[in-house]
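Novice: Before anything else, here's the structure in question.
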Amino acid sequence: MSELRDRVVVAGVGYSQIARSTGRSEGSLAVEASKAALDDAGLTVADLDGIAMWPDRVSSVFEGPSITYMYRALGLQNVRYYQAMGTGPAQFASVNGAIHAIVAGVADTVICIRAHLRQEQRFYVAGGADPHRATGELALRSPYGVPAGAPRYALWAQRHAHEYGTTDEHRGAVVLTCRAHAQLNPRAVWHGHPLTMEEYLASDVVASPLRILDCDMPVDGAVAIVLTRADRAADLRAKPVRIHSLGHGTGPTLDTEYWPDMTTMASRWAADEMWAGTDLGPADVDVAQLYDGFSSMTLCWLEDLGFVKKGEAGPWFAEGRGRLGGDLPVCTDGGHLGGGRLHGFGKLAEAVKQVRGECGARQVEGAEVALACVGGGAIATAMLLVAG
């Protein structure tokens with residue numbers, strides 16, 4: 001993706017209230033985050049000529065306010081670009097599309113929004129039109145207890161453990177890293193609730209080998225990202241952060257159950273494409289917001305990005321090398337495991353704020369190159385950001 005290099009910048013980021021339960025609508029959270037992002041950039045709604053959302057209430061699993069609602073709520077008029085994606089391809093689908101649209105000249109300034117209410121596990125049964133009933137291939141998996149989420153990705157975690165000796169303590173080290181960083185982020189839902197390895201090991205197993213604490217924390221919340229052309233950087237209020245390289249990968253198949261090697265994910269292909277679009281390498285990265293929908297995915301991301309060899313991520317985390325002050329600080333806002341599940345948009349926002357030097361007690365000193373990664377299993381996106 002060398003044609004994208006440094007042609008788009010993140011102009012602003014904004015958060016809504018984030019909590020286990022806010023009592024608010026998805027739309028109100030989305031509007032709050034959007035206004036905060038525009039204010040951060042020093043822009044107004046009149047500066048927007050594009051809007052992109054993920055997933056725009058088209059999925060029975062992941063929901064959000066409709067793009068038509070946000071168009072009205074923000075007071076948009078005659079935008080040149082709009083996009084509302086389904087659940088794929090990974091949570092950065094709307095961001096990826098907006099970046100390409102700006103590079104292609106379809107739009108100049110696009111706001112990308114993710115908003116949702118807390119979503120607990122939904123138990124599917126086969127057949128029927130009920131949205132909680134599984135259809136298609138999902139109907140064949142659900143009767144065997146593998147509809148989605150933890151039961152599905154536990155299979156991947158188990159294979160990684162079988163091949164490389166990954167232990168409960170290794171996955172626990174990922175969780176403890178995120179929880180420790182959450183103590184430095186007042187926005188994190190686990191802020192004020194530190195965790196010990198003993199407490200982690202005592203938590204319930206929900207799909208062996210994954211425990212409840214290996215799973216991201218559902219929350220109510222919204223994040224908005226404003227993207228614009230790099231040549232507008234001088235007009236922005238906040239320090240711009242360049243989208244330096246972008247990689248998206250699906251690997252050999254889109255079927256998670258038929259994936260040929262469950263010790264690696266689509267992150268391998270996303271990483272390869274991202275690194276091919278830059279002269280930078282793993283040694284140049286100062287901070288990495290790796291995807292942690294499940295702790296086992298974070299191990300795989302670290303390996304597939306080339307920071308360690310296959311099978312070495314567990315010991316790497318256990319040695320504390322992913323913590324602030326370590327070799328490569330990971331999930332510095334607490335991630336999904338410690339901060340709350342923001343479906344990847346929090347990854348991009350935190351990466352931007354780290355490069356800007358705005359993260360306070362959790363700031364990585366001198367951070368100029370950051371990674372934001374989303375997705376697991378058969379879909380993934382990796383994004384390299386650099387100081388503007």
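Letters A, B, ... go to the chains of the structure tokens in the order shown; residues in each chain start at 1; ligands are counted from 1 in the same order.
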Extract, using only C-alpha atoms, all DNA, RNA and protein residues at most 12 Å from Ala370 in chain A, discarding same-chain residues fewer than 3 positions from it, and format them as a ChimeraX atom specification.

Specialist: /A:241-245,280-290,328-332,347-357,364,366-367,373,382-387

Novice: When you look at Leu76 in chain A with a cut-off of 9 Å (counting only C-alpha atoms), what residues show up, excluding the ones that are within fewer than 5 positions of it in the same chain? I need them as a compact mmCIF listing (two decimals) with N, CA and C atoms, in the first residue's frame.

Specialist:
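New file out-v2.txt:
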```txt
# COMPACT_ATOMS: atom_id res chain seq x y z
N VAL A 45 -18.77 20.58 11.49
CA VAL A 45 -19.53 19.68 10.61
C VAL A 45 -19.46 20.16 9.17
N ALA A 46 -19.40 21.46 8.96
CA ALA A 46 -19.34 22.00 7.60
C ALA A 46 -18.07 21.59 6.86
N LEU A 48 -16.85 18.58 6.92
CA LEU A 48 -16.95 17.16 6.56
C LEU A 48 -17.60 16.99 5.20
N ASP A 49 -17.00 16.16 4.36
CA ASP A 49 -17.67 15.77 3.13
C ASP A 49 -17.73 14.25 3.01
N GLY A 50 -17.57 13.57 4.17
CA GLY A 50 -17.68 12.12 4.17
C GLY A 50 -17.98 11.60 5.56
N ILE A 51 -18.70 10.47 5.60
CA ILE A 51 -18.99 9.79 6.86
C ILE A 51 -18.91 8.29 6.61
N MET A 70 -27.13 9.23 11.98
CA MET A 70 -25.98 10.09 12.24
C MET A 70 -25.93 11.26 11.26
N TYR A 71 -26.37 11.03 10.04
CA TYR A 71 -26.43 12.11 9.04
C TYR A 71 -27.31 13.24 9.56
```

Novice: Near Ser21 in chain A, counting only C-alpha atoms, which residues have an atom at most 10 Å away, once you skip same-chain residues fewer than 3 positions from it, shown as an NGL selection string?

Specialist: :A and (17-18 or 24 or 117-118 or 218-221)

Novice: Would you mind listing what lies within 10 Å of Ile102 in chain A as a PyMOL selection string, with only C-alpha atoms counted and same-chain residues fewer than 2 positions away left out?

Specialist: chain A and resi 4+7-8+50+81+97-100+104-110+227-230

Novice: I'd like a table as a tab-separated table: residues in range 257-361 of chain A with an atom no more than 6 Å from range 180-200 of chain A, each row giving the shortest atom pair and its distance in Å to one decimal, only C-alpha atoms counted, sorted by chain and rising residue number.

Specialist:
```
residue	atom	partner	partner_atom	distance
A:Thr332	CA	A:His181	CA	5.5
A:Asp333	CA	A:Ala182	CA	5.7
A:Gly334	CA	A:Ala182	CA	4.1
A:Gly338	CA	A:Ala182	CA	5.4
A:Gly339	CA	A:Ala188	CA	3.8
A:Gly340	CA	A:Val189	CA	6.0
A:Ala361	CA	A:Leu184	CA	6.0
```

Novice: Would you mind telling me which residue in A:Pro55, A:Gly172, A:Pro143, A:Gly376 lies nearest to Ala93 in chain A when using only C-alpha atoms?

Specialist: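 So, comparing all the options, the nearest one is A:Pro55.
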